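Novice: What follows is input-v2.txt; its format and atoms are compact mmCIF, C-alpha atoms.
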```txt
# COMPACT_ATOMS: atom_id res chain seq x y z
CA MET A 15 -58.22 260.03 75.91
CA THR A 16 -59.96 262.47 78.12
CA ASP A 17 -57.26 263.58 80.54
CA ASP A 18 -56.08 266.68 78.74
CA ALA A 19 -53.91 267.83 81.64
CA LEU A 20 -51.99 264.56 81.64
CA ARG A 21 -51.68 264.65 77.88
CA SER A 22 -50.22 268.15 77.83
CA GLU A 23 -47.88 267.28 80.69
CA LEU A 24 -46.58 264.31 78.72
CA GLN A 25 -46.26 266.43 75.59
CA LYS A 26 -44.03 268.84 77.44
CA ARG A 27 -41.72 265.90 78.11
CA GLY A 28 -41.68 264.91 74.49
CA ILE A 29 -44.20 262.10 74.67
CA PHE A 30 -47.24 262.26 72.40
CA VAL A 31 -50.18 260.24 73.61
CA THR A 32 -53.36 259.71 71.65
CA SER A 33 -56.07 257.13 71.20
CA PHE A 34 -56.60 254.96 68.20
CA GLU A 35 -59.95 256.59 67.58
CA ASP A 36 -58.52 260.08 67.56
CA LEU A 37 -55.68 259.11 65.29
CA TYR A 38 -57.97 257.28 62.90
CA ASN A 39 -60.48 260.13 62.72
CA TRP A 40 -57.71 262.72 62.41
CA GLY A 41 -56.42 260.89 59.37
CA ARG A 42 -59.84 260.46 57.83
CA LYS A 43 -61.03 264.02 58.32
CA ASN A 44 -57.93 265.49 56.73
CA SER A 45 -58.00 263.37 53.61
CA LEU A 46 -61.59 263.54 52.44
CA TRP A 47 -61.43 262.72 48.79
CA PRO A 48 -64.55 263.86 46.94
CA LEU A 49 -66.06 262.08 44.00
CA GLN A 50 -65.42 264.09 40.87
CA PHE A 51 -68.77 264.84 39.34
CA GLY A 52 -71.07 267.81 39.03
CA LEU A 53 -74.72 267.96 38.07
CA ALA A 54 -75.42 271.64 37.36
CA CYS A 55 -74.28 275.18 38.06
CA CYS A 56 -73.26 274.44 41.69
CA ALA A 57 -70.47 272.35 40.20
CA ILE A 58 -68.92 275.55 38.89
CA GLU A 59 -68.72 276.89 42.44
CA MET A 60 -67.32 273.55 43.55
CA ILE A 61 -64.61 273.86 40.90
CA ALA A 62 -63.91 277.40 42.11
CA ALA A 63 -63.62 276.09 45.67
CA ALA A 64 -61.13 273.49 44.50
CA ALA A 65 -59.07 275.91 42.40
CA ALA A 66 -56.27 278.18 43.49
CA ARG A 67 -58.23 281.12 44.88
CA PHE A 68 -60.17 279.16 47.52
CA ASP A 69 -57.94 276.08 47.49
CA MET A 70 -59.87 273.25 49.08
CA ALA A 71 -56.52 271.44 49.30
CA ARG A 72 -55.89 273.35 52.53
CA PHE A 73 -58.48 271.05 54.11
CA GLY A 74 -57.23 267.85 52.56
CA ALA A 75 -60.00 267.53 49.97
CA GLU A 76 -58.13 268.42 46.84
CA VAL A 77 -57.93 264.96 45.28
CA PHE A 78 -61.15 264.67 43.30
CA ARG A 79 -61.38 261.02 42.38
CA PRO A 80 -62.94 260.07 39.06
CA SER A 81 -63.94 256.68 40.48
CA PRO A 82 -66.46 256.06 43.28
CA ARG A 83 -64.27 253.21 44.55
CA GLN A 84 -61.62 255.71 45.65
CA ALA A 85 -63.88 258.46 47.00
CA ASP A 86 -64.91 259.24 50.59
CA LEU A 87 -67.23 262.16 49.98
CA MET A 88 -70.00 262.66 47.49
CA ILE A 89 -70.70 266.34 46.83
CA ILE A 90 -74.14 266.52 45.20
CA ALA A 91 -73.40 269.74 43.32
CA GLY A 92 -76.49 270.75 41.43
CA THR A 93 -80.01 269.83 40.36
CA VAL A 94 -80.72 266.12 40.57
CA THR A 95 -83.11 265.29 37.75
CA LYS A 96 -85.28 262.24 38.06
CA LYS A 97 -83.44 260.82 35.10
CA MET A 98 -80.13 261.23 36.94
CA ALA A 99 -81.22 260.16 40.44
CA PRO A 100 -80.87 256.36 39.97
CA LEU A 101 -77.35 256.89 38.68
CA VAL A 102 -76.43 259.04 41.69
CA VAL A 103 -77.76 256.39 44.06
CA ARG A 104 -75.83 253.72 42.20
CA LEU A 105 -72.63 255.76 42.43
CA TYR A 106 -73.24 256.16 46.15
CA ASN A 107 -73.67 252.40 46.54
CA GLN A 108 -70.37 251.87 44.75
CA MET A 109 -68.43 254.05 47.18
CA PRO A 110 -66.59 252.20 49.97
CA GLU A 111 -67.38 252.85 53.62
CA PRO A 112 -66.92 255.13 55.44
CA LYS A 113 -68.61 257.53 53.06
CA TYR A 114 -70.30 260.87 53.42
CA VAL A 115 -72.70 262.97 51.39
CA LEU A 116 -72.76 266.74 51.16
CA ALA A 117 -75.84 268.22 49.49
CA MET A 118 -74.71 271.45 47.87
CA GLY A 119 -77.26 274.07 46.91
CA ALA A 120 -81.03 274.48 47.06
CA CYS A 121 -81.70 271.95 44.28
CA ALA A 122 -79.77 269.09 45.84
CA ILE A 123 -81.41 269.81 49.20
CA SER A 124 -85.05 270.15 48.15
CA GLY A 125 -85.39 270.64 44.41
CA GLY A 126 -84.94 274.37 44.88
CA PRO A 127 -86.62 276.59 42.30
CA PHE A 128 -87.49 273.49 40.27
CA LYS A 129 -89.30 271.72 43.13
CA GLU A 130 -92.28 269.74 41.82
CA GLY A 131 -91.11 270.17 38.27
CA TYR A 132 -91.85 267.13 36.14
CA ASN A 133 -88.24 266.01 35.98
CA VAL A 134 -86.60 267.29 39.18
CA LEU A 135 -86.07 265.23 42.29
CA LYS A 136 -87.20 267.02 45.45
CA GLY A 137 -83.91 266.54 47.25
CA ILE A 138 -81.35 263.76 47.13
CA ASP A 139 -82.08 262.93 50.79
CA ARG A 140 -85.07 260.95 49.53
CA TYR A 141 -82.78 258.14 48.48
CA ILE A 142 -79.44 258.44 50.27
CA PRO A 143 -78.51 259.76 53.73
CA VAL A 144 -77.09 263.29 53.65
CA ASP A 145 -74.55 264.37 56.28
CA VAL A 146 -74.21 268.09 55.57
CA TYR A 147 -76.57 270.47 53.80
CA VAL A 148 -75.01 273.60 52.28
CA PRO A 149 -77.79 276.01 51.31
CA GLY A 150 -77.41 278.64 48.64
CA CYS A 151 -78.24 279.13 44.99
CA PRO A 152 -75.44 278.45 44.36
CA PRO A 153 -73.48 278.49 47.63
CA ARG A 154 -70.30 280.49 47.46
CA PRO A 155 -67.03 278.58 47.70
CA GLU A 156 -66.64 279.78 51.29
CA ALA A 157 -69.98 278.14 52.11
CA LEU A 158 -68.78 274.87 50.61
CA LEU A 159 -65.60 275.09 52.67
CA GLU A 160 -67.74 275.74 55.74
CA GLY A 161 -69.74 272.63 54.90
CA LEU A 162 -66.53 270.66 54.51
CA ILE A 163 -65.25 271.85 57.88
CA THR A 164 -68.60 270.98 59.44
CA LEU A 165 -68.24 267.49 58.03
CA GLN A 166 -64.70 267.27 59.40
CA LYS A 167 -66.00 268.16 62.86
CA LYS A 168 -68.65 265.49 62.50
CA ILE A 169 -66.07 262.88 61.52
CA GLU A 170 -63.85 263.91 64.41
CA LYS A 171 -66.61 263.07 66.87
CA GLN A 172 -67.52 259.69 65.42
CA ARG A 173 -66.81 256.77 67.71
CA LEU A 174 -65.59 253.38 66.64
CA PHE A 175 -66.61 251.45 69.73
CA GLY A 176 -69.44 251.44 72.21
CA LYS A 177 -72.92 252.78 71.63
CA GLN A 178 -74.22 255.42 69.18
CA LEU A 179 -72.05 254.14 66.38
CA PRO A 180 -71.95 256.03 63.08
CA ARG A 181 -73.60 254.37 60.12
CA HIS A 182 -70.44 252.88 58.69
CA ALA A 183 -69.55 251.14 61.98
CA ASP A 184 -73.08 249.91 62.66
CA PRO A 185 -73.57 246.32 61.52
CA GLN A 186 -77.35 246.87 61.39
CA ALA A 187 -77.12 249.75 58.93
CA PRO A 188 -77.83 248.88 55.29
CA ALA A 189 -74.79 248.31 53.12
CA GLU A 190 -76.44 249.85 50.12
CA TYR A 191 -79.62 251.67 49.27
CA PRO A 192 -82.23 250.60 46.71
CA VAL A 193 -81.89 252.23 43.30
CA PRO A 194 -85.22 253.71 42.14
CA ALA A 195 -86.67 252.63 38.82
CA TYR A 196 -88.05 254.82 36.04
CA GLY A 197 -91.85 254.92 36.08
CA PRO A 198 -94.40 256.37 33.66
CA HIS A 199 -94.38 259.77 35.43
CA ASP A 200 -92.16 259.56 38.49
CA LEU A 201 -89.48 257.41 39.99
CA ILE A 202 -90.63 254.19 41.64
CA PRO A 203 -90.64 254.49 44.60
CA PRO A 204 -90.80 258.31 44.84
CA LEU A 205 -88.79 258.17 48.06
CA ASN A 206 -87.11 255.70 50.37
CA PRO A 207 -89.00 255.88 53.70
CA ASP A 208 -86.04 254.36 55.56
CA VAL A 209 -83.90 257.35 54.58
CA PHE A 210 -86.27 260.25 54.14
CA CYS A 211 -87.44 261.63 57.49
CA PRO A 212 -88.18 265.36 57.14
CA LYS A 213 -88.68 267.37 60.31
CA ARG A 214 -92.26 268.60 60.26
CA ASN A 215 -92.74 272.07 61.64
CA ALA A 216 -94.47 272.22 65.01
CA SER A 217 -97.84 273.59 63.93
CA SER A 218 -98.44 271.13 61.12
CA ALA A 219 -97.28 268.13 63.15
CA GLU A 220 -100.50 268.17 65.20
CA MET B 20 -79.01 289.75 -2.35
CA THR B 21 -80.42 290.73 1.02
CA LEU B 22 -82.43 287.87 2.41
CA THR B 23 -85.82 288.88 3.76
CA PRO B 24 -88.85 286.63 4.10
CA GLN B 25 -90.34 288.35 1.03
CA THR B 26 -87.32 287.80 -1.21
CA VAL B 27 -87.06 284.19 -0.05
CA LEU B 28 -90.77 283.71 -0.72
CA ASP B 29 -90.48 285.14 -4.23
CA ARG B 30 -87.53 282.90 -4.97
CA VAL B 31 -89.37 279.80 -3.73
CA HIS B 32 -92.49 280.70 -5.73
CA ALA B 33 -90.43 281.16 -8.88
CA ALA B 34 -88.65 277.83 -8.53
CA LEU B 35 -91.38 275.70 -6.92
CA PRO B 36 -94.72 277.13 -8.03
CA GLN B 37 -96.69 274.21 -6.60
CA ALA B 38 -95.26 274.55 -3.09
CA ARG B 39 -97.78 275.80 -0.52
CA ILE B 40 -95.85 278.50 1.28
CA GLU B 41 -97.03 281.84 2.60
CA LEU B 42 -95.74 284.86 4.44
CA LEU B 43 -97.01 285.42 7.98
CA ASN B 44 -96.63 289.03 9.06
CA ASN B 45 -95.69 289.77 12.62
CA PRO B 46 -97.45 293.01 13.68
CA SER B 47 -95.19 293.62 16.67
CA PRO B 48 -92.45 296.30 16.56
CA SER B 49 -89.80 293.60 16.12
CA GLY B 50 -91.52 292.66 12.86
CA GLN B 51 -90.11 289.17 12.67
CA HIS B 52 -92.08 287.97 9.68
CA SER B 53 -91.99 284.27 9.03
CA LEU B 54 -92.67 281.77 6.28
CA LEU B 55 -95.34 279.14 6.82
CA VAL B 56 -94.87 276.11 4.64
CA HIS B 57 -97.31 273.24 4.32
CA ARG B 58 -95.86 270.15 5.90
CA ASP B 59 -96.21 268.05 2.73
CA ASP B 60 -93.98 270.49 0.86
CA ALA B 61 -91.62 271.26 3.75
CA LEU B 62 -88.87 268.83 2.82
CA GLU B 63 -88.78 269.95 -0.80
CA VAL B 64 -88.74 273.63 0.19
CA ALA B 65 -86.04 273.00 2.78
CA GLN B 66 -83.83 271.31 0.21
CA PHE B 67 -84.33 274.28 -2.08
CA LEU B 68 -83.55 276.85 0.63
CA LYS B 69 -80.33 275.10 1.45
CA ASN B 70 -79.08 274.43 -2.06
CA ASP B 71 -80.30 277.40 -4.08
CA PRO B 72 -77.22 279.48 -4.99
CA GLU B 73 -79.04 282.75 -4.24
CA LEU B 74 -80.27 281.67 -0.80
CA LEU B 75 -77.74 279.17 0.59
CA LEU B 76 -79.52 278.90 3.93
CA ASP B 77 -77.03 276.32 5.10
CA TYR B 78 -77.49 276.43 8.88
CA ALA B 79 -80.50 275.80 11.13
CA SER B 80 -79.49 277.45 14.37
CA ASN B 81 -82.62 276.79 16.35
CA VAL B 82 -85.63 274.48 16.20
CA SER B 83 -88.51 275.04 18.58
CA GLY B 84 -91.77 273.29 19.15
CA VAL B 85 -94.79 275.47 19.86
CA ASP B 86 -98.09 274.40 21.38
CA TYR B 87 -101.19 276.05 19.90
CA PRO B 88 -104.80 275.28 20.87
CA ASP B 89 -105.56 273.33 17.71
CA HIS B 90 -102.20 272.34 16.31
CA LEU B 91 -98.51 272.05 17.07
CA GLU B 92 -95.82 273.90 15.22
CA ALA B 93 -92.11 273.54 14.55
CA VAL B 94 -90.15 276.76 14.02
CA TYR B 95 -86.78 276.71 12.27
CA HIS B 96 -84.41 279.67 12.41
CA LEU B 97 -82.25 279.50 9.31
CA PHE B 98 -79.02 281.33 8.65
CA SER B 99 -76.77 281.54 5.66
CA ILE B 100 -73.22 281.18 6.88
CA ALA B 101 -72.00 281.51 3.29
CA GLN B 102 -73.74 284.87 2.82
CA LYS B 103 -73.57 285.97 6.47
CA GLN B 104 -77.33 286.54 6.51
CA GLY B 105 -80.33 285.55 8.51
CA PRO B 106 -82.36 284.57 10.30
CA ILE B 107 -85.16 283.40 8.06
CA VAL B 108 -87.94 281.89 10.17
CA LEU B 109 -89.58 278.81 8.68
CA ARG B 110 -92.66 277.30 10.31
CA THR B 111 -94.57 274.08 9.72
CA ARG B 112 -97.83 273.00 11.33
CA THR B 113 -99.25 269.64 12.27
CA GLY B 114 -102.79 268.59 11.39
CA ASP B 115 -103.96 268.41 15.00
CA ARG B 116 -102.59 267.91 18.49
CA SER B 117 -103.00 264.16 18.95
CA GLY B 118 -103.48 261.66 16.14
CA ASP B 119 -102.09 263.73 13.30
CA ALA B 120 -99.25 265.48 15.16
CA CYS B 121 -96.75 264.62 12.43
CA LEU B 122 -94.26 266.75 10.58
CA PRO B 123 -91.54 265.84 8.12
CA SER B 124 -88.13 265.82 9.74
CA LEU B 125 -85.71 268.36 8.32
CA THR B 126 -82.72 266.64 9.91
CA PRO B 127 -81.75 265.11 6.54
CA VAL B 128 -81.37 268.69 5.28
CA TRP B 129 -79.87 270.39 8.35
CA LYS B 130 -77.97 268.00 10.62
CA SER B 131 -78.15 270.48 13.49
CA ALA B 132 -81.89 269.89 13.76
CA ASP B 133 -81.32 266.35 15.09
CA PHE B 134 -81.33 266.92 18.86
CA GLN B 135 -83.72 269.85 18.69
CA GLU B 136 -86.33 267.84 16.84
CA ARG B 137 -85.86 265.09 19.40
CA GLU B 138 -86.46 267.67 22.14
CA ALA B 139 -89.66 268.87 20.44
CA PHE B 140 -90.77 265.25 20.13
CA ASP B 141 -89.96 264.55 23.76
CA LEU B 142 -91.60 267.56 25.34
CA LEU B 143 -94.43 268.35 22.91
CA GLY B 144 -95.06 265.10 21.10
CA ILE B 145 -94.45 266.23 17.54
CA ARG B 146 -93.59 263.10 15.56
CA PHE B 147 -90.93 263.94 12.98
CA GLU B 148 -91.24 261.48 10.14
CA GLY B 149 -87.97 260.61 8.48
CA HIS B 150 -85.91 261.50 11.55
CA PRO B 151 -82.94 259.10 11.75
CA ASP B 152 -83.14 258.56 15.52
CA LEU B 153 -86.39 259.79 17.04
CA ARG B 154 -86.03 258.96 20.74
CA ARG B 155 -86.75 260.96 23.86
CA LEU B 156 -83.97 263.39 24.62
CA LEU B 157 -84.54 264.78 28.13
CA MET B 158 -87.07 262.46 29.77
CA TRP B 159 -86.41 258.77 30.30
CA ASP B 160 -87.69 256.26 27.78
CA GLU B 161 -90.38 254.86 30.10
CA PHE B 162 -92.00 258.30 30.53
CA VAL B 163 -95.44 258.73 29.01
CA ASP B 164 -97.01 262.02 27.91
CA HIS B 165 -95.26 265.20 26.85
CA PRO B 166 -94.70 267.51 29.79
CA LEU B 167 -94.34 270.84 27.99
CA ARG B 168 -97.83 270.71 26.52
CA LYS B 169 -100.32 273.13 28.02
CA ASP B 170 -102.75 270.31 28.70
CA TYR B 171 -100.17 268.19 30.50
CA VAL B 172 -101.52 267.44 33.96
CA ALA B 173 -99.02 266.29 36.50
CA PRO B 174 -100.16 263.03 38.09
CA GLU B 175 -101.90 263.14 41.43
CA ASP B 176 -99.27 261.01 43.10
CA TYR B 177 -97.19 264.04 44.03
CA GLU B 178 -97.06 263.90 47.78
CA TYR B 179 -98.43 266.86 49.67
CA GLU B 180 -95.86 268.73 51.70
CA PRO B 181 -97.06 271.38 54.16
CA THR B 182 -95.16 274.65 53.92
CA PRO B 183 -95.48 277.93 55.84
CA HIS B 184 -96.90 279.43 52.67
CA GLY B 185 -99.95 277.20 52.89
CA GLU B 186 -100.80 278.37 56.41
CA ILE B 187 -100.36 282.01 55.46
CA LEU B 188 -102.54 281.54 52.41
CA ALA B 189 -105.22 279.91 54.55
CA LYS B 190 -105.13 282.83 57.01
CA ILE B 191 -105.44 285.37 54.22
CA SER B 192 -108.24 283.61 52.40
CA ALA B 193 -110.33 282.58 55.45
CA PRO B 194 -111.80 286.03 56.41
CA ALA B 195 -112.45 286.89 52.80
CA SER B 196 -114.52 283.76 52.25
CA GLN B 197 -116.53 284.34 55.45
CA ALA B 198 -117.30 287.98 54.62
```
Please express the file's structure as structure tokens.
Specialist:
Amino acid sequence: MTDDALRSELQKRGIFVTSFEDLYNWGRKNSLWPLQFGLACCAIEMIAAAAARFDMARFGAEVFRPSPRQADLMIIAGTVTKKMAPLVVRLYNQMPEPKYVLAMGACAISGGPFKEGYNVLKGIDRYIPVDVYVPGCPPRPEALLEGLITLQKKIEKQRLFGKQLPRHADPQAPAEYPVPAYGPHDLIPPLNPDVFCPKRNASSAE
Amino acid sequence: MTLTPQTVLDRVHAALPQARIELLNNPSPSGQHSLLVHRDDALEVAQFLKNDPELLLDYASNVSGVDYPDHLEAVYHLFSIAQKQGPIVLRTRTGDRSGDACLPSLTPVWKSADFQEREAFDLLGIRFEGHPDLRRLLMWDEFVDHPLRKDYVAPEDYEYEPTPHGEILAKISAPASQA
């Protein structure tokens, strides 16, 4: 549905025209149910964002589901320890498609102040694909809402047919991601090369 | 009776004359003097501290492991809830840092020491003998070594990640090394 002039002309006559894609994405983006779990202090800000003052319900994300089977969005709120990482990946695998991941805070993005600590994962994007990164330590509730709206815009643009399909509509994309095992000092493997593709800065890429 | 390390020490000496316990003075302004008890007598002394009607040190609020160059140490902060007094600091030392890094567990005396002794075992490798459930607390079971020890060396398999800090450091240090 690209002809906006025609669409508005029809709307004036009381006829609403849309495409299946638009309708489907409109429904999905306005009912993003997050998985109810928190890993560290960022979870407190996530709770604040969900509570009355910031009221995430305005954006359709108020129903925190205590089961991964009913969740659309995984908010990684806090430090992911190496002990916890396999469980997070397993929870992600248990979520039904289409599913999204929002890495909240410096720790979930890169390990943050605990980077290269003996028990802290250097970012959850080593094992599962992350859609939105919300930096901060911790991010304020407004920042989380901004991340949520960014994700909604991303969902709105996702196509169901044709080329450049999103991961959940791509039959070639993996259905689930390998769960790392506990090793003598680190997780085995320390990262999933199919997922983890950091952008090197220009000078060090040479 | 006001509980100070000296009064506690006198009381222990009077009741258990064979127990090897001494007062360690802290020269700092805080003056937190502590009691050092030999590990072989620690359980007996702990029982006495808890049950003696004058002392009634019925609560261990904090158990820490400490890493010293030639031994490891467990530090217990004891309070008397009944008398509203404390803390009395009780310390025990291991024989060495590797083979003889054993201490008697005081969990049978103070239940609150359970998880904190497990933490000291996990991170520093103090083996608490007589502990009802001595497993790792924070690290996973397959982990080897004790990461809070000063001589813990992180394995070399950490991948190198270039950061802007590295380039800046190289720029700063390069002229200095040439000059």
Novice: With a cut-off of 8 Å and counting all atoms listed in the file, select all residues of chain A in contact with chain B and give the selection as a VMD selection string.
Specialist: chain A and resid 97 130 132 to 133 196 to 199 218
Novice: So which residues are close to (-102.1, 260.2, 14.1), meaning at most 12 Å away in the file's coordinates with only C-alpha atoms counted, and can you show them as a PyMOL selection string?
Specialist: chain B and resi 113-122+144-148
Novice: Tell me which of A:Gln84, A:Ser124, A:Gln186, A:Gln172 sits closest to Leu46 (chain A), counting all atoms listed in the file.
Specialist: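 So, comparing all the options, the nearest one is A:Gln84.
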Novice: Residues near region 78-81 of chain A, anyone? I mean within 6 Å using all atoms listed in the file, not counting same-chain ones fewer than 5 positions away, as a PDB file with C-alpha atoms, keeping the file's coordinate frame.
Specialist:
```pdb
ATOM      1  CA  TRP A  47     -61.430 262.720  48.790  1.00  0.00           C
ATOM      2  CA  PRO A  48     -64.550 263.860  46.940  1.00  0.00           C
ATOM      3  CA  LEU A  49     -66.060 262.080  44.000  1.00  0.00           C
ATOM      4  CA  GLN A  50     -65.420 264.090  40.870  1.00  0.00           C
TER       5      GLN A  50
END
```
Novice: Just the number, please: distance in Å from CA of Gln51 (chain B) to CA of Leu142 (chain B), one decimal.
Specialist: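 CA of Gln51 (chain B) sits 25.1 Å away from CA of Leu142 (chain B).
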Novice: Neighbours of region 153-170 of chain A within 10 Å (all atoms listed in the file; same-chain residues fewer than 2 positions away dropped), as a PyMOL selection string?
Specialist: chain A and resi 35-46+56+58-65+67-70+72-75+87+89+91+112+114-120+145-151+172-173+180
Novice: CA of Ile138 (chain A) to CA of Ala71 (chain A): how many Å, to one decimal?
Specialist: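 Computing it gives 26.1 Å between the two atoms.
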Novice: In Å, rounded to a single decimal, give me how far CA of Leu205 (chain A) is from CA of Pro185 (chain A).
Specialist: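 Calculated distance between CA of Pro185 (chain A) and CA of Leu205 (chain A) is 23.5 Å.
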Novice: With a distance cut-off of 7 Å and all atoms listed in the file, select the neighbouring residues of Cys121 (chain A), excluding the residue or stretch itself and same-chain residues fewer than 2 positions from it, and output the selection as an MDAnalysis selection string.
Specialist: chainID A and resid 92:94 119 123:126 137
Novice: Using only C-alpha atoms, pick whichever of B:Asp60, B:Leu109, B:Leu54, B:Lys169 has the shortest atom-to-atom distance to Leu35 (chain B).
Specialist: B:Asp60
